[in-house]
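Quick look at query12.cif (mmCIF, C-alpha atoms):
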data_entry
#
loop_
_atom_site.label_atom_id
_atom_site.label_comp_id
_atom_site.auth_asym_id
_atom_site.auth_seq_id
_atom_site.Cartn_x
_atom_site.Cartn_y
_atom_site.Cartn_z
CA MET L 926 120.49 89.64 165.97
CA THR L 927 121.11 92.34 163.39
CA ARG L 928 120.96 89.78 160.58
CA SER L 929 117.78 88.24 162.03
CA ARG L 930 116.12 91.64 162.29
CA ARG L 931 117.11 92.43 158.71
CA LEU L 932 115.65 89.15 157.45
CA ALA L 933 112.46 89.70 159.44
CA SER L 934 112.17 93.22 158.03
CA ASN L 935 112.67 91.94 154.48
CA LEU L 936 110.00 89.28 155.00
CA ARG L 937 107.54 91.89 156.31
CA ASP L 938 108.24 94.10 153.32
CA LEU L 939 107.74 91.19 150.95
CA ARG L 940 104.49 90.15 152.62
CA ASN L 941 103.19 93.73 152.55
CA ALA L 942 104.06 94.04 148.87
CA VAL L 943 102.37 90.74 147.98
CA SER L 944 99.30 91.66 150.03
CA LYS L 945 98.78 94.71 147.81
CA LEU L 946 99.00 92.82 144.50
CA PRO L 947 95.83 92.90 142.35
CA ASP L 948 96.24 89.14 141.73
CA ALA L 949 95.14 86.64 144.34
CA VAL L 950 98.04 84.83 146.03
CA VAL L 951 97.46 81.84 148.35
CA LEU L 952 100.21 79.89 150.10
CA LEU L 953 99.30 76.20 150.50
CA ASP L 954 101.03 73.33 152.26
CA GLU L 955 101.45 69.89 150.73
CA GLN L 956 97.91 68.90 151.84
CA GLN L 957 96.56 72.01 150.09
CA GLN L 958 95.71 73.65 153.41
CA VAL L 959 95.74 77.45 153.46
CA ARG L 960 98.74 78.96 155.24
CA TRP L 961 98.46 82.58 154.06
CA PHE L 962 96.63 84.68 151.47
CA ASN L 963 96.54 88.32 150.37
CA HIS L 964 93.65 90.78 150.17
CA ALA L 965 92.92 90.02 146.50
CA ALA L 966 92.27 86.38 147.49
CA GLU L 967 89.50 87.63 149.76
CA ASN L 968 87.82 89.42 146.85
CA LEU L 969 88.35 86.85 144.09
CA LEU L 970 88.28 83.56 146.00
CA GLY L 971 86.02 84.54 148.90
CA LEU L 972 88.55 83.59 151.59
CA ARG L 973 88.20 85.15 155.05
CA ARG L 974 90.75 85.64 157.78
CA PRO L 975 91.39 84.31 160.32
CA GLN L 976 88.84 81.49 160.00
CA ASP L 977 90.12 80.18 156.63
CA ARG L 978 93.73 79.79 157.72
CA GLY L 979 94.56 76.11 158.07
CA VAL L 980 91.48 74.87 156.19
CA SER L 981 91.65 72.63 153.10
CA LEU L 982 91.17 74.88 150.09
CA PRO L 983 89.39 72.21 147.94
CA GLN L 984 86.92 71.66 150.80
CA ARG L 985 86.51 75.39 151.43
CA LEU L 986 85.63 75.95 147.75
CA ALA L 987 83.66 72.72 147.29
CA GLY L 988 81.39 72.72 144.25
CA SER L 989 83.49 75.18 142.25
CA GLU L 990 85.68 74.61 139.18
CA LEU L 991 88.68 75.59 141.29
CA ALA L 992 88.05 72.82 143.84
CA ASP L 993 87.74 70.15 141.13
CA TRP L 994 90.88 71.47 139.44
CA LEU L 995 92.88 71.29 142.69
CA ARG L 996 91.67 67.75 143.44
CA ASP L 997 92.71 66.64 139.95
CA GLY L 998 96.26 67.82 140.57
CA ALA L 999 96.19 71.25 138.88
CA ARG L 1000 98.81 70.12 136.38
CA ALA L 1001 97.86 72.70 133.76
CA PRO L 1002 96.60 76.29 134.25
CA LEU L 1003 92.84 76.75 134.52
CA ASN L 1004 91.52 79.58 132.35
CA ASP L 1005 88.27 81.55 132.44
CA ALA L 1006 86.97 79.94 135.60
CA SER L 1007 84.22 81.59 137.62
CA ALA L 1008 85.63 83.47 140.62
CA PRO L 1009 84.23 81.90 143.84
CA GLY L 1010 84.26 85.33 145.54
CA GLN L 1011 82.68 87.25 142.63
CA ALA L 1012 80.07 85.40 140.60
CA ASP L 1013 80.29 87.81 137.65
CA SER L 1014 84.10 87.60 137.33
CA GLN L 1015 86.39 85.16 135.51
CA ILE L 1016 89.89 84.24 136.62
CA ASN L 1017 92.94 82.43 135.25
CA LEU L 1018 94.59 80.13 137.79
CA SER L 1019 97.96 78.45 138.12
CA LEU L 1020 99.55 76.39 140.88
CA LEU L 1021 103.33 76.68 141.34
CA PRO L 1022 105.63 74.58 143.55
CA LEU L 1023 107.33 76.55 146.32
CA GLY L 1024 110.19 74.81 148.07
CA ASP L 1025 109.87 71.13 148.89
CA HIS L 1026 106.50 71.04 150.65
CA GLU L 1027 104.53 74.15 149.70
CA GLN L 1028 102.59 75.49 146.73
CA LEU L 1029 101.62 78.94 145.54
CA LEU L 1030 98.18 79.48 144.01
CA LEU L 1031 97.90 82.50 141.70
CA ALA L 1032 94.61 83.87 140.36
CA HIS L 1033 94.39 86.69 137.81
CA ASP L 1034 91.13 88.55 137.11
CA VAL L 1035 90.47 88.47 133.34
CA SER L 1036 86.88 89.76 133.44
CA HIS L 1037 87.77 93.10 131.87
CA LEU L 1038 89.72 91.45 129.05
CA ASN L 1039 86.87 89.00 128.41
CA ARG L 1040 84.36 91.83 128.24
CA LEU L 1041 86.56 93.70 125.76
CA GLU L 1042 86.96 90.56 123.67
CA GLN L 1043 83.19 90.00 123.68
CA THR L 1044 82.65 93.61 122.61
CA ARG L 1045 85.09 93.09 119.75
CA ARG L 1046 83.35 89.89 118.65
CA ASP L 1047 79.92 91.55 118.78
CA PHE L 1048 81.19 94.54 116.79
CA VAL L 1049 82.77 92.38 114.08
CA SER L 1050 79.67 90.19 113.82
CA ASN L 1051 77.24 93.11 113.67
CA VAL L 1052 79.29 95.09 111.14
CA SER L 1053 79.72 92.00 108.95
CA HIS L 1054 75.96 91.39 108.94
CA GLU L 1055 75.30 95.03 108.05
CA LEU L 1056 77.82 94.96 105.20
CA ARG L 1057 76.55 91.74 103.66
CA THR L 1058 73.35 93.21 102.12
CA PRO L 1059 74.80 96.35 100.47
CA LEU L 1060 77.74 94.36 99.10
CA THR L 1061 75.33 91.81 97.63
CA VAL L 1062 73.36 94.60 95.96
CA ILE L 1063 76.49 96.28 94.57
CA HIS L 1064 77.85 93.00 93.22
CA GLY L 1065 74.47 92.18 91.69
CA TYR L 1066 74.29 95.47 89.77
CA LEU L 1067 77.87 95.07 88.58
CA GLU L 1068 77.00 91.66 87.16
CA LEU L 1069 74.14 93.27 85.21
CA LEU L 1070 76.51 95.67 83.47
CA ASP L 1071 77.85 94.10 80.26
CA PRO L 1072 81.40 95.29 79.41
CA GLU L 1073 80.55 94.83 75.72
CA ASP L 1074 78.01 97.65 75.96
CA VAL L 1075 80.66 100.09 77.22
CA PRO L 1076 84.04 98.77 75.97
CA GLU L 1077 85.92 101.77 77.34
CA LEU L 1078 84.81 100.82 80.87
CA ALA L 1079 85.52 97.09 80.54
CA PRO L 1080 88.77 97.15 82.58
CA VAL L 1081 87.10 99.25 85.28
CA LEU L 1082 84.07 96.96 85.52
CA GLY L 1083 86.33 93.92 85.70
CA GLU L 1084 88.31 95.40 88.59
CA MET L 1085 85.13 96.51 90.39
CA ARG L 1086 83.65 93.01 90.09
CA ALA L 1087 86.84 91.41 91.41
CA GLN L 1088 87.07 93.79 94.38
CA SER L 1089 83.38 93.51 95.29
CA LYS L 1090 83.72 89.72 95.19
CA ARG L 1091 86.78 89.92 97.43
CA MET L 1092 84.97 92.20 99.90
CA GLY L 1093 82.07 89.77 99.95
CA GLN L 1094 84.48 86.91 100.76
CA ILE L 1095 86.00 88.92 103.60
CA VAL L 1096 82.53 89.51 105.07
CA GLU L 1097 81.64 85.81 104.79
CA ASP L 1098 84.94 84.81 106.45
CA LEU L 1099 84.34 87.32 109.26
CA LEU L 1100 80.88 85.87 109.87
CA THR L 1101 82.30 82.34 109.88
CA LEU L 1102 85.03 83.37 112.33
CA SER L 1103 82.52 85.13 114.61
CA ARG L 1104 80.40 81.97 114.72
CA LEU L 1105 83.39 79.74 115.48
CA GLU L 1106 84.65 82.06 118.26
CA THR L 1107 81.34 81.82 120.11
CA GLN L 1108 80.92 78.08 119.52
CA HIS L 1109 82.10 75.70 122.23
CA GLU L 1110 81.36 72.33 120.65
CA VAL L 1111 80.25 70.74 117.40
CA VAL L 1112 77.43 68.36 116.55
CA ASP L 1113 79.35 65.22 115.71
CA GLU L 1114 78.62 63.45 112.44
CA ARG L 1115 80.53 60.97 110.33
CA VAL L 1116 82.76 62.81 107.84
CA PRO L 1117 83.63 60.46 104.92
CA MET L 1118 87.23 61.45 104.29
CA GLU L 1119 87.67 59.92 100.83
CA ALA L 1120 84.80 62.03 99.48
CA LEU L 1121 85.97 65.14 101.34
CA LEU L 1122 89.55 64.77 100.13
CA ALA L 1123 88.36 64.34 96.53
CA THR L 1124 86.31 67.54 96.87
CA VAL L 1125 89.26 69.46 98.34
CA ARG L 1126 91.48 68.31 95.48
CA LYS L 1127 88.91 69.35 92.82
CA GLU L 1128 88.56 72.78 94.42
CA ALA L 1129 92.34 73.22 94.48
CA GLU L 1130 92.58 72.18 90.83
CA ALA L 1131 89.83 74.63 89.87
CA LEU L 1132 91.66 77.45 91.66
CA SER L 1133 95.00 76.43 90.13
CA GLN L 1134 93.63 76.26 86.56
CA GLY L 1135 96.40 73.89 85.54
CA ARG L 1136 99.26 76.01 86.85
CA HIS L 1137 100.33 73.45 89.48
CA ARG L 1138 100.77 69.72 89.91
CA ILE L 1139 98.35 68.63 92.65
CA VAL L 1140 98.70 65.15 94.17
CA LEU L 1141 96.45 63.41 96.70
CA GLU L 1142 97.93 60.63 98.88
CA SER L 1143 95.37 59.00 101.19
CA THR L 1144 96.57 56.01 103.20
CA ALA L 1145 94.88 56.53 106.59
CA GLY L 1146 91.83 54.38 105.84
CA VAL L 1147 89.68 56.16 108.46
CA ASP L 1148 86.88 58.72 108.57
CA LEU L 1149 86.50 61.58 111.03
CA LEU L 1150 83.90 62.39 113.67
CA GLY L 1151 82.96 66.06 113.61
CA SER L 1152 81.29 68.85 111.66
CA PRO L 1153 81.39 68.16 107.88
CA LYS L 1154 80.89 71.83 107.00
CA ASP L 1155 83.58 73.17 109.33
CA LEU L 1156 86.12 70.46 108.50
CA HIS L 1157 85.58 71.06 104.78
CA SER L 1158 86.18 74.79 105.37
CA ALA L 1159 89.42 74.15 107.28
CA LEU L 1160 90.92 71.50 105.00
CA SER L 1161 89.96 73.40 101.85
CA ASN L 1162 91.49 76.61 103.26
CA LEU L 1163 94.88 74.95 103.62
CA ALA L 1164 94.77 73.57 100.07
CA SER L 1165 93.67 76.88 98.54
CA ASN L 1166 96.41 78.74 100.46
CA ALA L 1167 98.99 76.36 99.00
CA VAL L 1168 97.70 77.12 95.49
CA ARG L 1169 97.73 80.88 96.06
CA TYR L 1170 101.25 81.02 97.46
CA THR L 1171 102.97 78.54 95.13
CA PRO L 1172 104.35 79.91 91.83
CA ALA L 1173 103.15 78.41 88.56
CA GLY L 1174 104.90 75.12 87.81
CA GLY L 1175 105.15 74.16 91.50
CA SER L 1176 103.65 71.08 93.14
CA ILE L 1177 101.17 70.61 96.00
CA THR L 1178 100.68 67.33 97.85
CA ILE L 1179 97.66 66.60 100.04
CA HIS L 1180 98.25 63.79 102.59
CA TRP L 1181 95.82 61.88 104.82
CA GLN L 1182 97.74 59.34 106.88
CA ARG L 1183 97.75 57.49 110.20
CA GLU L 1184 100.19 58.32 113.00
CA PRO L 1185 100.76 56.78 116.46
CA THR L 1186 98.41 59.23 118.20
CA GLY L 1187 95.69 59.38 115.54
CA ALA L 1188 95.70 60.69 111.98
CA ALA L 1189 97.06 63.73 110.19
CA TYR L 1190 95.85 65.78 107.22
CA SER L 1191 98.64 67.82 105.68
CA VAL L 1192 99.24 70.05 102.67
CA SER L 1193 102.81 70.44 101.41
CA ASP L 1194 103.84 72.89 98.71
CA THR L 1195 106.94 74.12 96.91
CA GLY L 1196 105.94 77.75 97.33
CA PHE L 1197 107.65 80.87 98.58
CA GLY L 1198 108.04 79.61 102.14
CA ILE L 1199 107.66 81.61 105.35
CA PRO L 1200 110.43 83.02 107.59
CA ALA L 1201 110.53 81.50 111.08
CA SER L 1202 109.82 84.88 112.69
CA HIS L 1203 106.30 84.88 111.20
CA LEU L 1204 105.20 81.31 112.02
CA ALA L 1205 103.90 82.00 115.55
CA ARG L 1206 101.53 84.73 114.31
CA LEU L 1207 100.15 83.11 111.17
CA THR L 1208 96.81 82.16 112.77
CA GLU L 1209 96.07 85.71 113.94
CA ARG L 1210 93.20 87.31 112.02
CA PHE L 1211 94.37 89.55 109.16
CA TYR L 1212 98.05 88.78 109.83
CA ARG L 1213 100.00 88.74 106.57
CA VAL L 1214 103.59 87.80 105.81
CA SER L 1215 103.41 89.87 102.63
CA SER L 1216 100.46 92.24 102.21
CA SER L 1217 101.08 92.86 98.52
CA ARG L 1218 101.29 89.14 97.71
CA SER L 1219 98.10 88.41 99.68
CA ARG L 1220 96.18 91.08 97.78
CA GLU L 1221 97.48 89.80 94.44
CA THR L 1222 96.30 86.26 95.21
CA GLY L 1223 92.92 87.29 96.66
CA GLY L 1224 93.50 86.11 100.22
CA THR L 1225 91.43 87.59 103.05
CA GLY L 1226 93.94 87.06 105.88
CA LEU L 1227 91.33 85.07 107.86
CA GLY L 1228 91.76 81.55 106.51
CA LEU L 1229 94.30 80.25 109.02
CA SER L 1230 92.41 81.81 111.92
CA ILE L 1231 89.32 79.90 110.78
CA VAL L 1232 91.40 76.71 110.50
CA LYS L 1233 92.72 77.14 114.06
CA HIS L 1234 89.23 77.61 115.54
CA VAL L 1235 87.79 74.64 113.64
CA LEU L 1236 90.61 72.40 114.86
CA ASN L 1237 90.17 73.62 118.45
CA LEU L 1238 86.51 72.58 118.29
CA HIS L 1239 87.67 69.12 117.17
CA GLN L 1240 90.44 68.85 119.83
CA ALA L 1241 93.00 68.84 117.01
CA GLN L 1242 96.27 70.72 116.50
CA LEU L 1243 97.67 72.78 113.64
CA ARG L 1244 101.43 72.47 113.04
CA ILE L 1245 103.40 74.52 110.53
CA GLN L 1246 106.79 73.81 109.00
CA SER L 1247 108.23 76.25 106.49
CA ALA L 1248 111.44 77.74 105.14
CA PRO L 1249 111.91 80.57 102.62
CA GLY L 1250 112.55 79.27 99.11
CA VAL L 1251 111.78 75.67 100.12
CA GLY L 1252 108.04 75.57 100.72
CA SER L 1253 105.61 74.90 103.56
CA THR L 1254 103.73 72.06 105.20
CA PHE L 1255 100.54 72.76 107.17
CA SER L 1256 99.29 69.71 109.07
CA CYS L 1257 96.17 69.01 111.15
CA HIS L 1258 96.59 66.31 113.80
CA PHE L 1259 93.46 64.52 115.03
CA GLY L 1260 93.39 62.25 118.08
CA THR L 1261 92.14 58.66 118.02
CA ALA L 1262 88.84 59.71 119.67
CA ARG L 1263 87.96 61.50 116.41
CA LEU L 1264 88.66 58.53 114.13
CA LEU L 1265 86.06 56.15 112.69
CA PRO L 1266 86.54 53.08 110.52
CA PRO L 1267 85.36 53.82 106.96
CA GLY L 1268 81.82 52.90 106.04
CA GLY L 1269 78.68 52.91 108.17
CA ASN L 1270 80.09 51.48 111.42
CA ASP L 1271 80.49 54.34 113.92
CA GLU L 1272 82.40 52.33 116.51
CA THR L 1273 86.04 53.40 116.92
#

As structure tokens, the full file:
Amino acid sequence: MTRSRRLASNLRDLRNAVSKLPDAVVLLDEQQQVRWFNHAAENLLGLRRPQDRGVSLPQRLAGSELADWLRDGARAPLNDASAPGQADSQINLSLLPLGDHEQLLLAHDVSHLNRLEQTRRDFVSNVSHELRTPLTVIHGYLELLDPEDVPELAPVLGEMRAQSKRMGQIVEDLLTLSRLETQHEVVDERVPMEALLATVRKEAEALSQGRHRIVLESTAGVDLLGSPKDLHSALSNLASNAVRYTPAGGSITIHWQREPTGAAYSVSDTGFGIPASHLARLTERFYRVSSSRSRETGGTGLGLSIVKHVLNLHQAQLRIQSAPGVGSTFSCHFGTARLLPPGGNDET
């Protein structure tokens, strides 16, 4: 009896603790019928006791994203879904197995984080727009000044021009990133890959100015379906990064090849390489492995973040392989749904 009372007391304490959690917790049986839920589930999911105990949760929340997600098996977490109990709130959901015949539904309110993120995006976009005009004016006046007229100021004017150009590029990249972050889909067009790859190679050669050996290997024999402008931005970013971070005399290889699940665009270099501890954060805006090296090469710290967002819009993945002193390979993997036979036939 003492052991039974102790177990019962522990269960009551556990239930009381869970009932006070800010996250919604719902205990479901194997038919997804509600067995128990805490107070947060009342606020976020709109459940009511005692009438909702024993009801089918997909039926109770019919017409919502959550109901469709549960019916489809809830294999992956559902993010930024509308909260059935609070129309102006967003929640992240996950369904976890509990024992042999039960499941635990967890819902976390992310409305505050989403509002903060939206505020950040609006701030970056607005500031970038405001900076664009004065920077254009400053750069324009600097171009009017001829170093030959004031030889003693020639080095200063050269540095001012370079820095104003770099600031202008940062503003343009911020505006591009702000647009991509608020964009949920692209207007699909045929992207002729042979022409795009030739353009990317020419741009890399222009940036290299003969300091590197640049090779293009295209064997995929397919075009892409997507945004020509955005894909050009992403693929060119990877090639220009390889040029910037590869010492003179190194080689850069641009690949476009088929793979079992689609096709892959990759850029391999013999550059400095990146320690493994940095790889996971490379696509964060303004993240730099070496600040001094990035400034020397003219990088803005936004290129890989732009690449990641462009690929997300095309349901593609960015993979990075690198080792210090060996070099790096950045590859973009596109699924078969994005592939088109070359030419004018748009049927996959």

Next item on the list: Please write as a PyMOL selection string the list of polymer residues whose atoms come within 7 Å of (104.3, 74.9, 101.8), counting all atoms listed in the file and keeping to the coordinates of the file.
Entry: chain L and resi 1167+1193-1196+1198+1247+1252-1255

Notebook entry, point to check: Written as an NGL selection string, what is the full residue list that the PyMOL selection byres ((chain L and resi 992) around 12) yields on the file shown?
Noted result: :L and (957 or 970 or 981-991 or 993-999 or 1003 or 1006-1009 or 1018)

Hey, can you spit out that residue selection with C-alpha atoms as a PDB file, keeping the file's coordinate frame?
ATOM      1  CA  GLN L 957      96.560  72.010 150.090  1.00  0.00           C
ATOM      2  CA  LEU L 970      88.280  83.560 146.000  1.00  0.00           C
ATOM      3  CA  SER L 981      91.650  72.630 153.100  1.00  0.00           C
ATOM      4  CA  LEU L 982      91.170  74.880 150.090  1.00  0.00           C
ATOM      5  CA  PRO L 983      89.390  72.210 147.940  1.00  0.00           C
ATOM      6  CA  GLN L 984      86.920  71.660 150.800  1.00  0.00           C
ATOM      7  CA  ARG L 985      86.510  75.390 151.430  1.00  0.00           C
ATOM      8  CA  LEU L 986      85.630  75.950 147.750  1.00  0.00           C
ATOM      9  CA  ALA L 987      83.660  72.720 147.290  1.00  0.00           C
ATOM     10  CA  GLY L 988      81.390  72.720 144.250  1.00  0.00           C
ATOM     11  CA  SER L 989      83.490  75.180 142.250  1.00  0.00           C
ATOM     12  CA  GLU L 990      85.680  74.610 139.180  1.00  0.00           C
ATOM     13  CA  LEU L 991      88.680  75.590 141.290  1.00  0.00           C
ATOM     14  CA  ASP L 993      87.740  70.150 141.130  1.00  0.00           C
ATOM     15  CA  TRP L 994      90.880  71.470 139.440  1.00  0.00           C
ATOM     16  CA  LEU L 995      92.880  71.290 142.690  1.00  0.00           C
ATOM     17  CA  ARG L 996      91.670  67.750 143.440  1.00  0.00           C
ATOM     18  CA  ASP L 997      92.710  66.640 139.950  1.00  0.00           C
ATOM     19  CA  GLY L 998      96.260  67.820 140.570  1.00  0.00           C
ATOM     20  CA  ALA L 999      96.190  71.250 138.880  1.00  0.00           C
ATOM     21  CA  LEU L1003      92.840  76.750 134.520  1.00  0.00           C
ATOM     22  CA  ALA L1006      86.970  79.940 135.600  1.00  0.00           C
ATOM     23  CA  SER L1007      84.220  81.590 137.620  1.00  0.00           C
ATOM     24  CA  ALA L1008      85.630  83.470 140.620  1.00  0.00           C
ATOM     25  CA  PRO L1009      84.230  81.900 143.840  1.00  0.00           C
ATOM     26  CA  LEU L1018      94.590  80.130 137.790  1.00  0.00           C
TER      27      LEU L1018
END

Note to self: Can you spell out as a count of residues only the set of residues that the PyMOL selection byres ((chain L and resi 1028-1034) around 9) selects in the structure I just provided?
What the structure shows: 34

Output as a Markdown table one row per residue of range 1027-1078 of chain L within 7 Å of range 1095-1102 of chain L: the closest atom pair and its distance in Å to one decimal place, counting all atoms listed in the file, sorted by chain and residue number ascending.
| residue | atom | partner | partner_atom | distance |
| --- | --- | --- | --- | --- |
| L:Ser1050 | CA | L:Leu1100 | CA | 6.0 |
| L:Ser1053 | CA | L:Val1096 | CA | 5.4 |
| L:Arg1057 | CA | L:Val1096 | CA | 6.5 |

Next item on the list: Point out the residue among L:Asp938, L:Asp1155, L:Glu1084, L:Glu1077 with the least atom-to-atom distance to Asp1113 in chain L, counting all atoms listed in the file.
Entry: L:Asp1155

Check: Using all atoms listed in the file, can you list as a PyMOL selection string the residues within 12 Å of (103.2, 75.0, 96.8)?
Finding: chain L and resi 1129+1133+1136-1140+1163-1179+1192-1199+1247+1249-1255

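Rounded to one decimal, CA of Arg1206 in chain L and CA of Ile1231 in chain L lie 13.6 Å from each other.
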
Residue members of the PyMOL selection byres ((chain L and resi 1258-1266) around 9) in the file shown, as a PDB file with C-alpha atoms, in the coordinates of the input:
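Result went into expr.pdb, see below:
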ATOM      1  CA  ARG L1115      80.530  60.970 110.330  1.00  0.00           C
ATOM      2  CA  VAL L1116      82.760  62.810 107.840  1.00  0.00           C
ATOM      3  CA  GLY L1146      91.830  54.380 105.840  1.00  0.00           C
ATOM      4  CA  VAL L1147      89.680  56.160 108.460  1.00  0.00           C
ATOM      5  CA  ASP L1148      86.880  58.720 108.570  1.00  0.00           C
ATOM      6  CA  LEU L1149      86.500  61.580 111.030  1.00  0.00           C
ATOM      7  CA  LEU L1150      83.900  62.390 113.670  1.00  0.00           C
ATOM      8  CA  GLY L1151      82.960  66.060 113.610  1.00  0.00           C
ATOM      9  CA  GLU L1184     100.190  58.320 113.000  1.00  0.00           C
ATOM     10  CA  PRO L1185     100.760  56.780 116.460  1.00  0.00           C
ATOM     11  CA  THR L1186      98.410  59.230 118.200  1.00  0.00           C
ATOM     12  CA  GLY L1187      95.690  59.380 115.540  1.00  0.00           C
ATOM     13  CA  ALA L1188      95.700  60.690 111.980  1.00  0.00           C
ATOM     14  CA  ALA L1189      97.060  63.730 110.190  1.00  0.00           C
ATOM     15  CA  TYR L1190      95.850  65.780 107.220  1.00  0.00           C
ATOM     16  CA  SER L1191      98.640  67.820 105.680  1.00  0.00           C
ATOM     17  CA  LEU L1236      90.610  72.400 114.860  1.00  0.00           C
ATOM     18  CA  HIS L1239      87.670  69.120 117.170  1.00  0.00           C
ATOM     19  CA  GLN L1240      90.440  68.850 119.830  1.00  0.00           C
ATOM     20  CA  ALA L1241      93.000  68.840 117.010  1.00  0.00           C
ATOM     21  CA  GLN L1242      96.270  70.720 116.500  1.00  0.00           C
ATOM     22  CA  LEU L1243      97.670  72.780 113.640  1.00  0.00           C
ATOM     23  CA  ARG L1244     101.430  72.470 113.040  1.00  0.00           C
ATOM     24  CA  SER L1256      99.290  69.710 109.070  1.00  0.00           C
ATOM     25  CA  CYS L1257      96.170  69.010 111.150  1.00  0.00           C
ATOM     26  CA  PRO L1267      85.360  53.820 106.960  1.00  0.00           C
ATOM     27  CA  GLY L1268      81.820  52.900 106.040  1.00  0.00           C
ATOM     28  CA  GLY L1269      78.680  52.910 108.170  1.00  0.00           C
ATOM     29  CA  ASN L1270      80.090  51.480 111.420  1.00  0.00           C
ATOM     30  CA  ASP L1271      80.490  54.340 113.920  1.00  0.00           C
ATOM     31  CA  GLU L1272      82.400  52.330 116.510  1.00  0.00           C
ATOM     32  CA  THR L1273      86.040  53.400 116.920  1.00  0.00           C
TER      33      THR L1273
END

Next item on the list: Could you jot down the CA of His1234 in chain L to CA of His1109 in chain L separation for me, Å, one decimal place?
Entry: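 Going from CA of His1234 in chain L over to CA of His1109 in chain L, I get 10.0 Å.
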
Item checked: Shell around Tyr1212 in chain L at 10 Å using all atoms listed in the file, local window under 6 positions removed, as a list in words -> His1203, Arg1206, Thr1225, Gly1226, Leu1227, Leu1229 and Ser1230 of chain L

Next item on the list: Tell me, in Å to one decimal, how far CA of Gln1088 in chain L is from CA of Leu1070 in chain L.
Entry: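 Here the two named atoms are 15.3 Å from each other.
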
Check: Which is closest to Ala1205 in chain L among L:Arg937, L:Ser929, L:Ile1245, L:Arg1000, if we use all atoms listed in the file?
Finding: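 Using all atoms listed in the file, the shortest distance to Ala1205 in chain L belongs to L:Ile1245.
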
Quick one: what's the axis-aligned box for range 1058-1071 of chain L, all listed atoms, 3 Å on every side, centre and edges in Å to one decimal, as JSON?
{"center_x": 75.6, "center_y": 94.0, "center_z": 91.2, "size_x": 10.5, "size_y": 10.7, "size_z": 27.9}

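Closest approach to Asp1047 in chain L from the set L:Ser1103, L:Asn1004, L:Gln1094, L:Ser1143 is made by L:Ser1103, with distances taken over all atoms listed in the file.
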
Note to self: Taking all atoms listed in the file into account, name the residue in L:Leu939, L:Arg1086, L:Glu1130, L:Pro1080 that is nearest to Tyr1066 in chain L.
What the structure shows: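 With all atoms listed in the file as the atom set, the closest residue is L:Arg1086.
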
Next item on the list: Check the smallest atom-to-atom distance from each of L:Leu1238, L:Leu1056, L:Leu946, L:Leu972 to Gln1108 in chain L using all atoms listed in the file, then report the winner.
Entry: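 Smallest distance to Gln1108 in chain L is found for L:Leu1238.
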
Checklist line | Among the residues L:Val980, L:Ala1120, L:Leu1160, L:Val943, the one that comes closest to Asn963 in chain L [using all atoms listed in the file] | finding: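 Going through L:Val980, L:Ala1120, L:Leu1160, L:Val943 one by one, the smallest distance to Asn963 in chain L is for L:Val943.
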